[in-house]
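Raw contents of entry-v7.csv, CSV, C-alpha atoms:
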```csv
chain,number,residue,atom,x,y,z
A,1,MET,CA,-23.8,-14.1,-21.1
A,2,LEU,CA,-22.0,-16.6,-18.9
A,3,VAL,CA,-20.1,-15.9,-15.8
A,4,TYR,CA,-17.8,-18.2,-14.0
A,5,GLN,CA,-18.0,-18.3,-10.2
A,6,ASP,CA,-15.6,-19.8,-7.7
A,7,LEU,CA,-17.2,-23.0,-6.4
A,8,ILE,CA,-16.0,-22.3,-2.9
A,9,SER,CA,-16.5,-18.5,-2.4
A,10,GLY,CA,-19.2,-17.8,-5.0
A,11,ASP,CA,-17.1,-14.8,-6.3
A,12,GLU,CA,-17.4,-14.0,-10.0
A,13,LEU,CA,-13.9,-14.5,-11.4
A,14,LEU,CA,-14.5,-14.5,-15.2
A,15,SER,CA,-17.1,-14.3,-18.0
A,16,ASP,CA,-17.4,-15.4,-21.5
A,17,SER,CA,-16.4,-11.9,-22.6
A,18,PHE,CA,-12.9,-13.1,-22.1
A,19,PRO,CA,-12.1,-16.1,-24.2
A,20,TYR,CA,-9.9,-18.8,-22.7
A,21,LYS,CA,-7.5,-21.4,-23.9
A,22,GLU,CA,-7.3,-24.7,-22.1
A,23,LEU,CA,-4.0,-25.9,-20.7
A,24,GLU,CA,-3.0,-29.1,-18.8
A,25,ASN,CA,-5.9,-31.1,-20.1
A,26,GLY,CA,-8.4,-28.4,-19.3
A,27,CYS,CA,-7.3,-28.0,-15.6
A,28,LEU,CA,-6.0,-24.5,-16.3
A,29,TRP,CA,-7.6,-21.8,-18.4
A,30,GLU,CA,-5.4,-19.2,-19.9
A,31,VAL,CA,-7.0,-15.8,-20.4
A,32,GLN,CA,-5.4,-12.7,-22.0
A,33,GLY,CA,-5.8,-9.5,-19.9
A,34,LYS,CA,-5.3,-6.0,-21.2
A,35,TRP,CA,-4.3,-2.7,-19.7
A,36,VAL,CA,-7.1,-0.2,-20.3
A,37,VAL,CA,-7.7,3.5,-19.3
A,38,GLN,CA,-10.6,4.0,-17.0
A,39,GLY,CA,-12.1,7.3,-16.0
A,40,ALA,CA,-12.1,10.8,-17.6
A,41,VAL,CA,-10.3,10.9,-20.9
A,42,ASP,CA,-9.5,14.1,-22.8
A,43,VAL,CA,-10.7,13.8,-26.3
A,44,ASP,CA,-9.6,16.4,-28.9
A,45,ILE,CA,-12.3,16.6,-31.5
A,46,GLY,CA,-10.5,19.2,-33.5
A,47,ALA,CA,-12.8,22.1,-32.4
A,48,ASN,CA,-11.3,25.5,-32.0
A,49,PRO,CA,-10.5,25.8,-28.2
A,50,SER,CA,-9.8,29.5,-28.4
A,51,ALA,CA,-13.3,30.0,-29.6
A,52,GLU,CA,-14.5,28.2,-26.6
A,53,GLY,CA,-12.5,30.3,-24.2
A,54,ALA,CA,-10.0,27.6,-23.4
A,55,ASP,CA,-6.8,29.5,-24.2
A,56,GLU,CA,-5.2,28.4,-21.0
A,57,ASP,CA,-5.0,25.0,-19.3
A,58,GLU,CA,-8.2,24.9,-17.2
A,59,GLY,CA,-6.6,22.6,-14.7
A,60,VAL,CA,-9.1,19.8,-15.3
A,61,ASP,CA,-8.7,17.1,-12.7
A,62,ASP,CA,-8.3,14.1,-15.0
A,63,GLN,CA,-9.0,11.0,-13.0
A,64,ALA,CA,-8.0,8.6,-15.8
A,65,VAL,CA,-6.1,5.6,-14.4
A,66,LYS,CA,-4.7,2.5,-16.1
A,67,VAL,CA,-6.2,-0.8,-14.9
A,68,VAL,CA,-6.1,-4.4,-16.1
A,69,ASP,CA,-9.5,-5.2,-17.5
A,70,ILE,CA,-10.0,-8.5,-15.7
A,71,VAL,CA,-8.8,-7.2,-12.4
A,72,ASP,CA,-11.1,-4.2,-12.6
A,73,THR,CA,-14.2,-6.0,-14.0
A,74,PHE,CA,-14.2,-8.8,-11.4
A,75,ARG,CA,-12.8,-6.6,-8.6
A,76,LEU,CA,-9.9,-9.1,-8.0
A,77,GLN,CA,-7.8,-8.3,-5.0
A,78,GLU,CA,-4.0,-8.8,-5.3
A,79,GLN,CA,-2.3,-10.8,-2.7
A,80,PRO,CA,1.3,-11.1,-1.6
A,81,SER,CA,3.4,-13.5,-3.6
A,82,PHE,CA,3.8,-17.1,-2.3
A,83,ASP,CA,7.1,-18.9,-1.9
A,84,LYS,CA,7.2,-22.6,-2.9
A,85,LYS,CA,6.2,-23.9,0.6
A,86,GLN,CA,3.3,-21.5,0.9
A,87,PHE,CA,2.1,-22.4,-2.6
A,88,VAL,CA,2.2,-26.1,-1.9
A,89,THR,CA,0.3,-25.5,1.3
A,90,PHE,CA,-2.4,-23.5,-0.5
A,91,MET,CA,-2.8,-26.1,-3.3
A,92,LYS,CA,-3.1,-29.0,-0.8
A,93,ARG,CA,-5.8,-27.1,1.1
A,94,TYR,CA,-7.6,-26.0,-2.2
A,95,ILE,CA,-7.6,-29.6,-3.5
A,96,LYS,CA,-9.0,-30.9,-0.2
A,97,ASN,CA,-11.7,-28.2,-0.2
A,98,LEU,CA,-12.6,-28.5,-3.9
A,99,THR,CA,-12.6,-32.2,-4.4
A,100,PRO,CA,-15.9,-32.9,-2.4
A,101,LYS,CA,-17.6,-30.2,-4.4
A,102,LEU,CA,-16.9,-32.0,-7.7
A,103,GLU,CA,-18.9,-35.0,-8.8
A,104,GLY,CA,-18.3,-38.0,-11.0
A,105,GLU,CA,-16.2,-37.4,-14.1
A,106,ALA,CA,-15.3,-33.8,-13.0
A,107,GLN,CA,-13.8,-35.1,-9.8
A,108,GLU,CA,-11.9,-37.8,-11.6
A,109,ALA,CA,-10.5,-35.4,-14.2
A,110,PHE,CA,-9.5,-33.0,-11.4
A,111,LYS,CA,-7.7,-35.7,-9.5
A,112,LYS,CA,-6.0,-36.9,-12.6
A,113,ASN,CA,-4.8,-33.4,-13.9
A,114,ILE,CA,-4.3,-31.2,-10.9
A,115,GLU,CA,-0.7,-32.5,-10.3
A,116,SER,CA,0.5,-31.5,-13.7
A,117,ALA,CA,-1.4,-28.1,-13.4
A,118,THR,CA,0.3,-27.5,-10.1
A,119,LYS,CA,3.7,-28.3,-11.5
A,120,PHE,CA,3.0,-25.9,-14.4
A,121,LEU,CA,2.2,-23.2,-12.0
A,122,MET,CA,5.2,-24.0,-9.8
A,123,SER,CA,7.4,-23.6,-12.9
A,124,LYS,CA,6.2,-20.0,-13.1
A,125,LEU,CA,6.0,-19.2,-9.4
A,126,LYS,CA,8.6,-16.5,-9.4
A,127,ASP,CA,6.7,-14.6,-12.1
A,128,LEU,CA,3.2,-15.0,-10.8
A,129,GLN,CA,1.0,-12.4,-9.3
A,130,PHE,CA,-1.8,-13.8,-7.1
A,131,PHE,CA,-5.4,-12.5,-6.9
A,132,VAL,CA,-8.5,-13.6,-5.0
A,133,GLY,CA,-12.1,-12.7,-5.6
A,134,GLU,CA,-13.9,-9.8,-4.1
A,135,SER,CA,-14.9,-11.5,-0.9
A,136,MET,CA,-11.3,-12.4,-0.2
A,137,HIS,CA,-12.5,-15.8,1.1
A,138,ASP,CA,-9.6,-17.7,2.8
A,139,ASP,CA,-10.3,-21.0,1.0
A,140,GLY,CA,-11.4,-19.6,-2.3
A,141,ALA,CA,-9.7,-19.9,-5.6
A,142,LEU,CA,-6.6,-18.0,-6.6
A,143,VAL,CA,-6.3,-16.3,-10.0
A,144,PHE,CA,-2.7,-16.2,-11.2
A,145,ALA,CA,-1.3,-13.6,-13.6
A,146,TYR,CA,2.1,-13.2,-15.3
A,147,TYR,CA,3.7,-11.5,-18.3
A,148,LYS,CA,4.8,-13.7,-21.1
A,149,ASP,CA,8.2,-12.9,-22.6
A,150,GLY,CA,8.1,-9.4,-24.0
A,151,ALA,CA,4.3,-8.9,-23.4
A,152,THR,CA,3.0,-5.6,-22.1
A,153,ASP,CA,-0.4,-7.2,-21.1
A,154,PRO,CA,-0.8,-9.8,-18.4
A,155,THR,CA,-1.9,-13.4,-19.0
A,156,PHE,CA,-4.2,-14.9,-16.4
A,157,LEU,CA,-4.4,-18.5,-15.3
A,158,TYR,CA,-7.5,-20.0,-13.7
A,159,LEU,CA,-8.0,-23.4,-12.0
A,160,ALA,CA,-10.9,-24.4,-14.2
A,161,PRO,CA,-12.4,-27.2,-12.2
A,162,GLY,CA,-13.1,-24.7,-9.4
A,163,LEU,CA,-15.3,-22.6,-11.6
A,164,LYS,CA,-19.0,-22.9,-11.9
A,165,GLU,CA,-20.7,-21.7,-15.1
A,166,VAL,CA,-23.7,-19.4,-14.4
A,167,LYS,CA,-26.0,-18.0,-17.1
A,168,CYS,CA,-27.0,-14.4,-16.7
```

Re-express the file's structure as structure tokens.
Amino acid sequence: MLVYQDLISGDELLSDSFPYKELENGCLWEVQGKWVVQGAVDVDIGANPSAEGADEDEGVDDQAVKVVDIVDTFRLQEQPSFDKKQFVTFMKRYIKNLTPKLEGEAQEAFKKNIESATKFLMSKLKDLQFFVGESMHDDGALVFAYYKDGATDPTFLYLAPGLKEVKC
């Protein structure tokens, strides 16, 4: 199994269990999230409940909650939305912090493609939700989520150059 860690914070943000599609010359990864039910789930197996003494509602405390699989799996922490100025400030700082951590071709590709990736994200800014990794590191990567037209499940966007592949 492969996990993808934020190069700056070390937080695990994604794994190969969630396939991605490259956007903006590979600078962004698009990953489909899914709402799932977590916790106790009542399953009716067709048995005769009256024979089991369950004529009445037993008042079982069902702790089932709906969560987004990616947010839950990687313990992502939602952050307040950014306005355009805050977003540009974040991206400038992120580029400044990430660039020295990249080497050779990876650094060149990042410098070449980050502007178009940033513009792509800015075009969706009003619709984006913002997440950080579990450590909530100030300079770490953001994970973005939005709902495509008519979708009930969120789509996540990752800044791919800021992820390090780790074999588990």

Practice item. Have a look at A:Gly10, A:Tyr4, A:Ala64, A:Ala160 and name the one nearest to A:Trp29; count all atoms listed in the file. Key: A:Ala160

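Going from atom CA of A:Leu128 over to atom CA of A:Tyr146, you cover 5.0 Å.
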
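The closest residue to A:Asp16, picked from A:Leu2, A:Phe120, A:Glu78, A:Phe110 and counting only C-alpha atoms, is A:Leu2.
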
Review point. Contacts of stretch 23-26 of chain A at 7 Å or less, counting only C-alpha atoms, minus same-chain residues fewer than 5 places along, as an MDAnalysis selection string?
Key: chainID A and resid 113 116:117 160

Review point. Could you name the residues that touch A:Ala106 at 12 Å or less, counting all atoms listed in the file, but leaving out those on the same chain fewer than 2 positions away, as a VMD selection string?
Key: chain A and resid 26 to 27 98 to 104 108 to 114 160 to 164

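Relative to atom CA of A:Leu28, atom CA of A:Phe74 is found at 18.4 Å.
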
Taking the point (-0.7, -8.6, -14.9) as given in the file, collect each protein or nucleic acid residue that comes within 10 Å of it, counting all atoms listed in the file, and present the set as a short mmCIF file (atom, residue, chain, number, x, y, z; two decimals) with C-alpha atoms, keeping the file's coordinate frame.
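So the final result, stored in out10.cif, reads:
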```
data_model
loop_
_atom_site.label_atom_id
_atom_site.label_comp_id
_atom_site.auth_asym_id
_atom_site.auth_seq_id
_atom_site.Cartn_x
_atom_site.Cartn_y
_atom_site.Cartn_z
CA GLN A 32 -5.40 -12.70 -22.00
CA GLY A 33 -5.80 -9.50 -19.90
CA LYS A 34 -5.30 -6.00 -21.20
CA TRP A 35 -4.30 -2.70 -19.70
CA VAL A 67 -6.20 -0.80 -14.90
CA VAL A 68 -6.10 -4.40 -16.10
CA ASP A 69 -9.50 -5.20 -17.50
CA ILE A 70 -10.00 -8.50 -15.70
CA VAL A 71 -8.80 -7.20 -12.40
CA ASP A 127 6.70 -14.60 -12.10
CA LEU A 128 3.20 -15.00 -10.80
CA GLN A 129 1.00 -12.40 -9.30
CA PHE A 130 -1.80 -13.80 -7.10
CA PHE A 144 -2.70 -16.20 -11.20
CA ALA A 145 -1.30 -13.60 -13.60
CA TYR A 146 2.10 -13.20 -15.30
CA TYR A 147 3.70 -11.50 -18.30
CA LYS A 148 4.80 -13.70 -21.10
CA ALA A 151 4.30 -8.90 -23.40
CA THR A 152 3.00 -5.60 -22.10
CA ASP A 153 -0.40 -7.20 -21.10
CA PRO A 154 -0.80 -9.80 -18.40
CA THR A 155 -1.90 -13.40 -19.00
CA PHE A 156 -4.20 -14.90 -16.40
#
```

Review point. Do you have the atom CA of A:Leu7-atom CA of A:Met122 distance handy?
Key: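 About the pair atom CA of A:Leu7 and atom CA of A:Met122: they are 22.7 Å apart.
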
Review point. Quick one: of A:Pro19, A:Gly150, A:Gly133, A:Gly140, who's nearest to A:Leu76, counting all atoms listed in the file?
Key: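 Under the stated criterion, the closest residue is A:Gly133.
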
Some atoms are absent from stretch 153-164 of chain A, so rebuild all heavy atoms and return them as a compact mmCIF listing (two decimals), in the frame of the given file.
```
# COMPACT_ATOMS: atom_id res chain seq x y z
N ASP A 153 0.87 -6.84 -21.75
CA ASP A 153 -0.40 -7.20 -21.10
C ASP A 153 -0.26 -8.48 -20.36
O ASP A 153 0.39 -9.41 -20.85
CB ASP A 153 -1.53 -7.24 -22.11
CG ASP A 153 -1.89 -5.88 -22.69
OD1 ASP A 153 -1.83 -4.87 -21.95
OD2 ASP A 153 -2.24 -5.83 -23.88
N PRO A 154 -0.90 -8.61 -19.20
CA PRO A 154 -0.80 -9.80 -18.40
C PRO A 154 -1.62 -10.99 -18.97
O PRO A 154 -2.64 -10.78 -19.62
CB PRO A 154 -1.29 -9.43 -17.03
CG PRO A 154 -2.25 -8.32 -17.31
CD PRO A 154 -1.72 -7.60 -18.51
N THR A 155 -1.16 -12.19 -18.69
CA THR A 155 -1.90 -13.40 -19.00
C THR A 155 -2.37 -13.98 -17.66
O THR A 155 -1.59 -14.07 -16.71
CB THR A 155 -0.99 -14.43 -19.71
OG1 THR A 155 -0.57 -13.86 -20.95
CG2 THR A 155 -1.70 -15.74 -19.96
N PHE A 156 -3.65 -14.35 -17.59
CA PHE A 156 -4.20 -14.90 -16.40
C PHE A 156 -4.40 -16.39 -16.48
O PHE A 156 -4.69 -16.90 -17.55
CB PHE A 156 -5.58 -14.22 -16.08
CG PHE A 156 -5.45 -12.80 -15.64
CD1 PHE A 156 -5.28 -11.79 -16.57
CD2 PHE A 156 -5.46 -12.47 -14.30
CE1 PHE A 156 -5.13 -10.47 -16.16
CE2 PHE A 156 -5.31 -11.15 -13.88
CZ PHE A 156 -5.15 -10.15 -14.83
N LEU A 157 -4.23 -17.07 -15.36
CA LEU A 157 -4.40 -18.50 -15.30
C LEU A 157 -5.47 -18.81 -14.19
O LEU A 157 -5.37 -18.30 -13.07
CB LEU A 157 -3.12 -19.22 -14.95
CG LEU A 157 -2.01 -19.07 -15.99
CD1 LEU A 157 -0.68 -19.54 -15.43
CD2 LEU A 157 -2.35 -19.83 -17.26
N TYR A 158 -6.46 -19.62 -14.57
CA TYR A 158 -7.50 -20.00 -13.70
C TYR A 158 -7.51 -21.52 -13.48
O TYR A 158 -7.29 -22.24 -14.45
CB TYR A 158 -8.90 -19.64 -14.25
CG TYR A 158 -9.19 -18.16 -14.29
CD1 TYR A 158 -8.68 -17.37 -15.31
CD2 TYR A 158 -9.99 -17.57 -13.32
CE1 TYR A 158 -8.96 -16.00 -15.36
CE2 TYR A 158 -10.28 -16.22 -13.36
CZ TYR A 158 -9.76 -15.44 -14.38
OH TYR A 158 -10.04 -14.11 -14.43
N LEU A 159 -7.80 -21.98 -12.27
CA LEU A 159 -8.00 -23.40 -12.00
C LEU A 159 -9.44 -23.73 -12.41
O LEU A 159 -10.38 -23.50 -11.65
CB LEU A 159 -7.72 -23.74 -10.55
CG LEU A 159 -6.24 -23.62 -10.16
CD1 LEU A 159 -6.09 -23.50 -8.66
CD2 LEU A 159 -5.47 -24.81 -10.70
N ALA A 160 -9.60 -24.22 -13.63
CA ALA A 160 -10.90 -24.40 -14.20
C ALA A 160 -11.89 -25.27 -13.45
O ALA A 160 -13.08 -24.95 -13.38
CB ALA A 160 -10.78 -24.88 -15.68
N PRO A 161 -11.45 -26.39 -12.87
CA PRO A 161 -12.40 -27.20 -12.20
C PRO A 161 -13.10 -26.51 -10.99
O PRO A 161 -14.18 -26.91 -10.56
CB PRO A 161 -11.58 -28.41 -11.65
CG PRO A 161 -10.41 -28.45 -12.58
CD PRO A 161 -10.13 -27.02 -12.92
N GLY A 162 -12.49 -25.46 -10.48
CA GLY A 162 -13.10 -24.70 -9.40
C GLY A 162 -14.02 -23.62 -9.78
O GLY A 162 -14.47 -22.83 -8.96
N LEU A 163 -14.35 -23.57 -11.08
CA LEU A 163 -15.30 -22.60 -11.60
C LEU A 163 -16.61 -23.18 -11.95
O LEU A 163 -16.68 -24.26 -12.52
CB LEU A 163 -14.69 -21.86 -12.83
CG LEU A 163 -13.37 -21.13 -12.61
CD1 LEU A 163 -12.84 -20.59 -13.93
CD2 LEU A 163 -13.52 -20.00 -11.59
N LYS A 164 -17.68 -22.47 -11.61
CA LYS A 164 -19.00 -22.90 -11.90
C LYS A 164 -19.60 -21.94 -12.96
O LYS A 164 -19.60 -20.73 -12.75
CB LYS A 164 -19.88 -22.92 -10.66
CG LYS A 164 -21.36 -23.24 -10.90
CD LYS A 164 -22.14 -23.36 -9.60
CE LYS A 164 -22.31 -22.00 -8.97
NZ LYS A 164 -23.21 -22.03 -7.78
```
